[in-house]
>>> print(open('input12.txt').read())   # compact mmCIF, C-alpha atoms
# COMPACT_ATOMS: atom_id res chain seq x y z
CA MET A 745 123.50 79.55 92.61
CA ALA A 746 121.09 80.79 89.94
CA PRO A 747 120.94 84.56 89.41
CA LEU A 748 118.21 86.26 91.42
CA LEU A 749 115.18 87.64 89.64
CA LEU A 750 114.46 91.31 90.31
CA ASN A 751 110.90 92.31 91.22
CA ALA A 752 109.01 95.43 92.27
CA ASP A 753 105.52 96.33 93.46
CA MET A 754 103.73 98.30 90.74
CA GLY A 755 100.39 99.68 89.62
CA GLU A 756 99.74 101.22 93.04
CA SER A 757 98.39 104.54 91.80
CA PHE A 758 94.72 105.27 92.39
CA GLY A 759 92.61 107.54 90.22
CA PRO A 760 94.53 110.83 89.79
CA TRP A 761 96.89 109.99 92.68
CA ARG A 762 100.29 108.70 91.59
CA MET A 763 102.45 106.18 93.42
CA GLY A 764 105.91 105.01 92.46
CA TRP A 765 107.97 105.10 89.28
CA ASP A 766 106.54 102.22 87.26
CA GLU A 767 107.89 103.30 83.88
CA ALA A 768 111.48 103.50 85.14
CA LEU A 769 111.27 100.23 87.06
CA MET A 770 109.61 98.25 84.28
CA ALA A 771 112.64 98.81 82.07
CA VAL A 772 114.92 96.87 84.42
CA VAL A 773 112.93 94.35 86.51
CA ASP A 774 112.07 90.74 85.67
CA LEU A 775 108.81 90.55 87.62
CA ALA A 776 106.03 93.09 88.23
CA ASN A 777 103.86 92.60 91.32
CA VAL A 778 100.67 94.34 90.20
CA ALA A 779 98.33 95.75 92.84
CA CYS A 780 94.80 94.38 92.54
CA GLY A 781 92.56 97.12 93.92
CA PHE A 782 92.20 96.30 97.62
CA HIS A 783 95.24 98.09 99.10
CA ALA A 784 95.90 100.27 96.05
CA SER A 785 95.16 100.69 92.34
CA ASP A 786 91.94 100.57 90.35
CA GLN A 787 90.75 98.94 87.15
CA ASP A 788 92.38 101.52 84.87
CA HIS A 789 95.79 101.37 86.55
CA MET A 790 95.67 97.58 86.71
CA ARG A 791 95.20 97.26 82.96
CA LYS A 792 97.73 100.02 82.23
CA THR A 793 100.35 98.24 84.35
CA VAL A 794 99.73 94.86 82.71
CA ARG A 795 100.04 96.50 79.30
CA LEU A 796 103.28 98.22 80.34
CA ALA A 797 104.70 94.90 81.55
CA ALA A 798 103.79 93.27 78.24
CA GLU A 799 105.57 96.03 76.33
CA HIS A 800 108.76 95.40 78.32
CA GLY A 801 108.58 91.60 78.39
CA VAL A 802 108.20 91.56 82.17
CA THR A 803 106.49 88.67 83.96
CA VAL A 804 103.23 89.64 85.73
CA GLY A 805 102.19 88.55 89.19
CA ALA A 806 99.15 89.44 91.30
CA HIS A 807 99.79 91.56 94.41
CA PRO A 808 96.66 91.12 96.56
CA GLY A 809 96.26 92.73 99.97
CA TYR A 810 93.77 93.29 102.73
CA PRO A 811 90.79 95.55 101.79
CA ASP A 812 92.39 98.67 103.30
CA LEU A 813 92.92 101.53 100.86
CA VAL A 814 93.26 104.09 103.65
CA GLY A 815 96.01 102.11 105.38
CA PHE A 816 97.65 101.00 102.12
CA GLY A 817 97.15 97.40 103.21
CA ARG A 818 99.74 97.71 105.96
CA ARG A 819 97.28 97.13 108.82
CA SER A 820 96.55 93.56 109.80
CA LEU A 821 92.90 92.49 109.63
CA ARG A 822 91.57 89.53 111.59
CA CYS A 823 90.05 87.60 108.72
CA SER A 824 88.88 84.02 108.83
CA ALA A 825 90.52 81.44 106.58
CA ASP A 826 87.53 81.61 104.23
CA GLU A 827 87.77 85.40 104.08
CA VAL A 828 91.48 85.25 103.26
CA GLN A 829 90.87 82.71 100.52
CA ASN A 830 88.07 84.76 99.04
CA LEU A 831 89.88 88.11 99.10
CA VAL A 832 92.89 86.51 97.39
CA LEU A 833 90.72 84.76 94.78
CA TYR A 834 88.76 87.96 94.12
CA GLN A 835 91.87 90.02 93.45
CA VAL A 836 93.79 87.39 91.51
CA GLY A 837 90.74 86.81 89.34
CA ALA A 838 90.43 90.52 88.58
CA LEU A 839 94.04 90.83 87.51
CA ALA A 840 93.83 87.61 85.51
CA ALA A 841 91.01 89.17 83.49
CA PHE A 842 93.23 92.09 82.49
CA CYS A 843 96.10 89.72 81.72
CA ARG A 844 93.84 87.73 79.44
CA ALA A 845 92.64 90.90 77.71
CA GLU A 846 96.25 91.95 77.07
CA GLY A 847 97.46 88.48 76.02
CA VAL A 848 99.70 88.14 79.07
CA ALA A 849 100.12 85.06 81.26
CA LEU A 850 99.63 85.58 84.99
CA GLN A 851 102.41 83.54 86.58
CA TYR A 852 102.56 84.11 90.32
CA VAL A 853 100.99 85.65 93.41
CA LYS A 854 102.75 87.86 95.94
CA PRO A 855 100.59 89.04 98.87
CA HIS A 856 101.06 92.65 99.95
CA GLY A 857 101.93 94.36 103.21
CA ALA A 858 100.18 93.07 106.32
CA LEU A 859 98.77 90.07 104.48
CA TYR A 860 102.30 89.11 103.42
CA ASN A 861 103.60 89.46 106.96
CA ASP A 862 100.62 87.65 108.51
CA MET A 863 101.17 84.82 106.05
CA MET A 864 104.70 84.39 107.39
CA HIS A 865 103.77 84.53 111.09
CA ARG A 866 100.38 82.79 111.18
CA PRO A 867 100.25 79.31 109.57
CA GLU A 868 96.47 79.49 109.13
CA VAL A 869 96.85 82.58 106.93
CA LEU A 870 99.56 80.92 104.84
CA GLU A 871 97.38 77.85 104.40
CA ALA A 872 94.44 80.00 103.30
CA VAL A 873 96.61 81.78 100.73
CA LEU A 874 98.05 78.48 99.48
CA ASP A 875 94.55 77.05 99.19
CA ALA A 876 93.42 80.09 97.17
CA VAL A 877 96.39 79.85 94.79
CA ARG A 878 95.89 76.11 94.32
CA SER A 879 92.15 76.57 93.74
CA PHE A 880 92.66 79.29 91.14
CA ASP A 881 95.57 77.76 89.24
CA PRO A 882 97.99 75.23 90.74
CA GLN A 883 100.57 76.27 88.14
CA LEU A 884 100.92 79.69 89.76
CA ARG A 885 103.85 80.25 92.09
CA LEU A 886 103.46 81.90 95.47
CA MET A 887 106.08 84.45 96.50
CA VAL A 888 106.96 84.29 100.19
CA MET A 889 109.55 85.89 102.45
CA ALA A 890 112.98 84.29 102.53
CA THR A 891 114.00 83.97 106.19
CA GLY A 892 116.86 82.38 108.07
CA ASP A 893 115.00 79.03 107.99
CA ASN A 894 112.60 78.37 105.10
CA ARG A 895 111.83 74.73 105.87
CA ARG A 896 108.39 75.22 107.47
CA VAL A 897 107.10 77.29 104.56
CA GLN A 898 108.59 74.94 101.99
CA GLN A 899 107.00 71.91 103.65
CA LEU A 900 103.58 73.52 103.87
CA ALA A 901 103.69 74.72 100.26
CA GLY A 902 104.75 71.24 99.19
CA ALA A 903 101.76 69.75 100.99
CA TYR A 904 99.48 72.01 98.95
CA GLY A 905 101.35 71.31 95.71
CA VAL A 906 102.24 74.97 95.20
CA ASP A 907 105.70 76.03 94.03
CA ILE A 908 107.18 79.03 95.81
CA TRP A 909 109.67 81.78 95.18
CA LEU A 910 111.63 82.93 98.24
CA GLU A 911 111.93 86.70 98.28
CA ALA A 912 114.54 88.96 99.87
CA PHE A 913 114.56 92.75 100.06
CA ALA A 914 117.36 95.11 99.10
CA ASP A 915 116.01 98.07 101.06
CA ARG A 916 114.49 96.59 104.23
CA ALA A 917 115.99 95.81 107.63
CA TYR A 918 115.89 92.26 108.99
CA ASP A 919 115.75 90.82 112.49
CA SER A 920 118.06 88.05 113.66
CA LYS A 921 115.75 85.31 112.32
CA GLY A 922 115.47 86.84 108.86
CA TYR A 923 112.04 88.43 109.22
CA LEU A 924 111.39 92.01 108.14
CA VAL A 925 111.56 94.65 110.84
CA SER A 926 108.21 96.44 111.21
CA ARG A 927 107.90 99.68 109.26
CA SER A 928 106.86 101.31 112.53
CA GLU A 929 110.49 101.01 113.70
CA PRO A 930 112.93 103.80 112.76
CA GLY A 931 115.48 102.48 110.30
CA SER A 932 113.28 99.65 109.04
CA VAL A 933 113.62 100.98 105.47
CA HIS A 934 117.20 101.58 104.40
CA SER A 935 118.22 104.99 103.15
CA GLY A 936 121.32 105.63 101.09
CA GLU A 937 122.08 104.06 97.75
CA GLU A 938 125.31 102.41 98.88
CA ARG A 939 123.65 100.65 101.80
CA ILE A 940 120.90 99.28 99.58
CA LEU A 941 123.45 98.19 96.99
CA GLU A 942 125.60 96.45 99.61
CA GLN A 943 122.65 94.46 100.96
CA ALA A 944 121.58 93.49 97.45
CA SER A 945 125.12 92.35 96.65
CA ARG A 946 125.35 90.22 99.77
CA ILE A 947 122.02 88.54 99.14
CA ALA A 948 122.94 87.87 95.51
CA ARG A 949 126.21 86.22 96.59
CA GLY A 950 124.54 84.19 99.35
CA GLU A 951 126.44 86.07 102.06
CA PRO A 952 125.05 87.07 105.48
CA VAL A 953 123.44 90.49 105.86
CA SER A 954 123.52 92.63 108.98
CA ALA A 955 120.44 92.27 111.16
CA PHE A 956 118.78 95.04 113.15
CA ASP A 957 120.38 93.92 116.42
CA GLY A 958 123.90 93.78 115.01
CA SER A 959 123.91 90.03 114.38
CA SER A 960 123.92 88.54 110.89
CA VAL A 961 121.52 86.32 108.95
CA THR A 962 121.79 84.49 105.63
CA LEU A 963 118.81 84.61 103.25
CA ASP A 964 118.52 81.84 100.67
CA ALA A 965 116.42 83.68 98.09
CA ASP A 966 115.17 83.22 94.53
CA VAL A 967 114.03 86.80 93.94
CA LEU A 968 115.07 90.25 95.14
CA CYS A 969 112.59 93.07 95.70
CA VAL A 970 113.09 96.81 95.36
CA HIS A 971 110.28 99.13 96.40
CA GLY A 972 108.90 101.56 93.85
CA ASP A 973 107.81 103.95 96.61
CA ASN A 974 111.36 104.32 97.90
CA PRO A 975 113.35 106.89 95.88
CA GLU A 976 116.60 105.54 97.29
CA SER A 977 115.83 102.16 95.72
CA ILE A 978 115.12 103.75 92.36
CA ALA A 979 118.53 105.39 92.45
CA ALA A 980 120.18 102.00 93.05
CA VAL A 981 118.04 99.74 90.87
CA ARG A 982 120.11 99.98 87.70
CA ARG A 983 123.26 99.11 89.62
CA ILE A 984 121.42 96.21 91.26
CA ARG A 985 120.35 95.05 87.81
CA ARG A 986 124.01 94.81 86.76
CA ILE A 987 124.76 92.74 89.86
CA LEU A 988 121.93 90.35 89.03
CA ASN A 989 123.54 89.03 85.88
CA GLY A 990 123.38 92.15 83.75
CA GLY A 991 119.63 92.01 83.14
CA VAL A 992 119.65 88.77 81.12
CA ASN A 993 116.85 87.29 83.24
CA ARG A 994 114.13 89.57 81.84
CA GLY A 995 110.81 87.78 82.17
CA VAL A 996 110.09 84.15 83.04
CA GLN A 997 108.79 81.72 80.48
>>> encode(input="input12.txt", output="structure tokens")
Amino acid sequence: MAPLLLNADMGESFGPWRMGWDEALMAVVDLANVACGFHASDQDHMRKTVRLAAEHGVTVGAHPGYPDLVGFGRRSLRCSADEVQNLVLYQVGALAAFCRAEGVALQYVKPHGALYNDMMHRPEVLEAVLDAVRSFDPQLRLMVMATGDNRRVQQLAGAYGVDIWLEAFADRAYDSKGYLVSRSEPGSVHSGEERILEQASRIARGEPVSAFDGSSVTLDADVLCVHGDNPESIAAVRRIRRILNGGVNRGVQ
């Protein structure tokens, strides 16, 4: 099993409002999922985050979401397939411009929040996102949720000719099928450094993790996410980095 790549959502500040600990995270992650202005961020923070990633040799990916600043992109919007394609293209194109200005290669797309979840539960949304990625640059990877059974997503991505990264989460609770438990549920985000570290260790070793209902589920993942808005994750991230091969993965060529 290849070592997991470590990723985090970044660049989610907006104007004078600050979100997350980008500087601390950028020193240890392999991949930076950079917000593109619809759920969070703005043009200044987008470019600043791309520049910070370049300084640390971290691979940059676009983190597009629904146009919902007030709800931080965590509210599902009933968009048509064309609307989903266009909102993804709009945001990826914006971040690609800043990447080009900073001499950085944009290498993947990871949808945010409700768009990410809708993509996993509604095939028409996943197809719209895949179509957008393929239309923009078929060399880009799409990051999707690693679940207990990844075959449907892998087959659909293969039909569109888009490579995927399967993503697991160190600090989120899972249901028995390997889907994320809704943030509206108490306990959906793990607290406590040791609990986060244990889940990260199990995922990295390919071992089952405890599901919300007491069962267990195995997640076959390529990348592991820690959330920059969760202070418990920040406390554990350096220890997670040591688990994931001592940080030798930094960046993807």
>>> atom_distance(input="input12.txt", atom1="atom CA of Arg866 of chain A", atom2="atom CA of Asp919 of chain A")
17.4 Å
>>> closest_residue(input="input12.txt", among="A:Ala798, A:Val933, A:Val925, A:Leu833", to="Phe956 of chain A", atoms="all atoms listed in the file")
A:Val925
>>> atom_distance(input="input12.txt", atom1="atom CA of Tyr860 of chain A", atom2="atom CA of Ile987 of chain A")
26.5 Å
>>> residues_around(input="input12.txt", residues="segment 882-891 of chain A", least_positions_apart="4", cutoff="8 Å", atoms="only C-alpha atoms", output="list in words")
Leu850, Gln851, Tyr852, Val853, Lys854, Pro855, Tyr860, Met864, Leu874, Val877, Arg878, Gly905, Val906, Asp907, Ile908, Trp909, Leu910, Glu911, Ala912, Lys921, Gly922, Tyr923, Thr962, Leu963, Asp964 and Ala965 of chain A
>>> write_last_selection(input="input12.txt", atoms="C-alpha atoms", output="tab-separated table (two decimals), keeping the file's coordinate frame")
chain	number	residue	atom	x	y	z
A	850	LEU	CA	99.63	85.58	84.99
A	851	GLN	CA	102.41	83.54	86.58
A	852	TYR	CA	102.56	84.11	90.32
A	853	VAL	CA	100.99	85.65	93.41
A	854	LYS	CA	102.75	87.86	95.94
A	855	PRO	CA	100.59	89.04	98.87
A	860	TYR	CA	102.30	89.11	103.42
A	864	MET	CA	104.70	84.39	107.39
A	874	LEU	CA	98.05	78.48	99.48
A	877	VAL	CA	96.39	79.85	94.79
A	878	ARG	CA	95.89	76.11	94.32
A	905	GLY	CA	101.35	71.31	95.71
A	906	VAL	CA	102.24	74.97	95.20
A	907	ASP	CA	105.70	76.03	94.03
A	908	ILE	CA	107.18	79.03	95.81
A	909	TRP	CA	109.67	81.78	95.18
A	910	LEU	CA	111.63	82.93	98.24
A	911	GLU	CA	111.93	86.70	98.28
A	912	ALA	CA	114.54	88.96	99.87
A	921	LYS	CA	115.75	85.31	112.32
A	922	GLY	CA	115.47	86.84	108.86
A	923	TYR	CA	112.04	88.43	109.22
A	962	THR	CA	121.79	84.49	105.63
A	963	LEU	CA	118.81	84.61	103.25
A	964	ASP	CA	118.52	81.84	100.67
A	965	ALA	CA	116.42	83.68	98.09
>>> atom_distance(input="input12.txt", atom1="atom CA of Val794 of chain A", atom2="atom CA of Leu839 of chain A")
8.5 Å
>>> axis_aligned_box(input="input12.txt", around="segment 880-897 of chain A", padding_each_side="5 Å", output="lines of an AutoDock Vina configuration file")
center_x = 104.8
center_y = 80.3
center_z = 98.1
size_x = 34.2
size_y = 21.2
size_z = 29.9
>>> closest_residue(input="input12.txt", among="A:Ala876, A:Ala776, A:Leu968, A:Met863", to="Gly837 of chain A", atoms="all atoms listed in the file")
A:Ala876
>>> residues_around(input="input12.txt", residues="segment 808-820 of chain A", least_positions_apart="3", cutoff="8 Å", atoms="all atoms listed in the file", output="list in words")
Ala779, Cys780, Gly781, Phe782, His783, Ala784, Leu831, Val832, Gln835, Val836, Val853, Lys854, Pro855, His856, Gly857, Ala858, Leu859, Tyr860 and Asp862 of chain A
>>> write_last_selection(input="input12.txt", atoms="C-alpha atoms", output="mmCIF file, in the frame of the given file")
data_model
loop_
_atom_site.group_PDB
_atom_site.id
_atom_site.type_symbol
_atom_site.label_atom_id
_atom_site.label_comp_id
_atom_site.auth_asym_id
_atom_site.auth_seq_id
_atom_site.Cartn_x
_atom_site.Cartn_y
_atom_site.Cartn_z
ATOM 1 C CA ALA A 779 98.330 95.750 92.840
ATOM 2 C CA CYS A 780 94.800 94.380 92.540
ATOM 3 C CA GLY A 781 92.560 97.120 93.920
ATOM 4 C CA PHE A 782 92.200 96.300 97.620
ATOM 5 C CA HIS A 783 95.240 98.090 99.100
ATOM 6 C CA ALA A 784 95.900 100.270 96.050
ATOM 7 C CA LEU A 831 89.880 88.110 99.100
ATOM 8 C CA VAL A 832 92.890 86.510 97.390
ATOM 9 C CA GLN A 835 91.870 90.020 93.450
ATOM 10 C CA VAL A 836 93.790 87.390 91.510
ATOM 11 C CA VAL A 853 100.990 85.650 93.410
ATOM 12 C CA LYS A 854 102.750 87.860 95.940
ATOM 13 C CA PRO A 855 100.590 89.040 98.870
ATOM 14 C CA HIS A 856 101.060 92.650 99.950
ATOM 15 C CA GLY A 857 101.930 94.360 103.210
ATOM 16 C CA ALA A 858 100.180 93.070 106.320
ATOM 17 C CA LEU A 859 98.770 90.070 104.480
ATOM 18 C CA TYR A 860 102.300 89.110 103.420
ATOM 19 C CA ASP A 862 100.620 87.650 108.510
#
>>> closest_residue(input="input12.txt", among="A:Cys969, A:Met770, A:Arg844, A:Leu821", to="Glu799 of chain A", atoms="only C-alpha atoms")
A:Met770
>>> closest_residue(input="input12.txt", among="A:Ala903, A:Val961, A:His971, A:Leu924", to="Met763 of chain A", atoms="only C-alpha atoms")
A:His971
>>> closest_residue(input="input12.txt", among="A:Ala825, A:Val802, A:Leu750, A:Leu870", to="Ala944 of chain A", atoms="only C-alpha atoms")
A:Leu750
>>> closest_residue(input="input12.txt", among="A:Met790, A:Ser757, A:Asn861, A:Leu769", to="Ala845 of chain A", atoms="only C-alpha atoms")
A:Met790
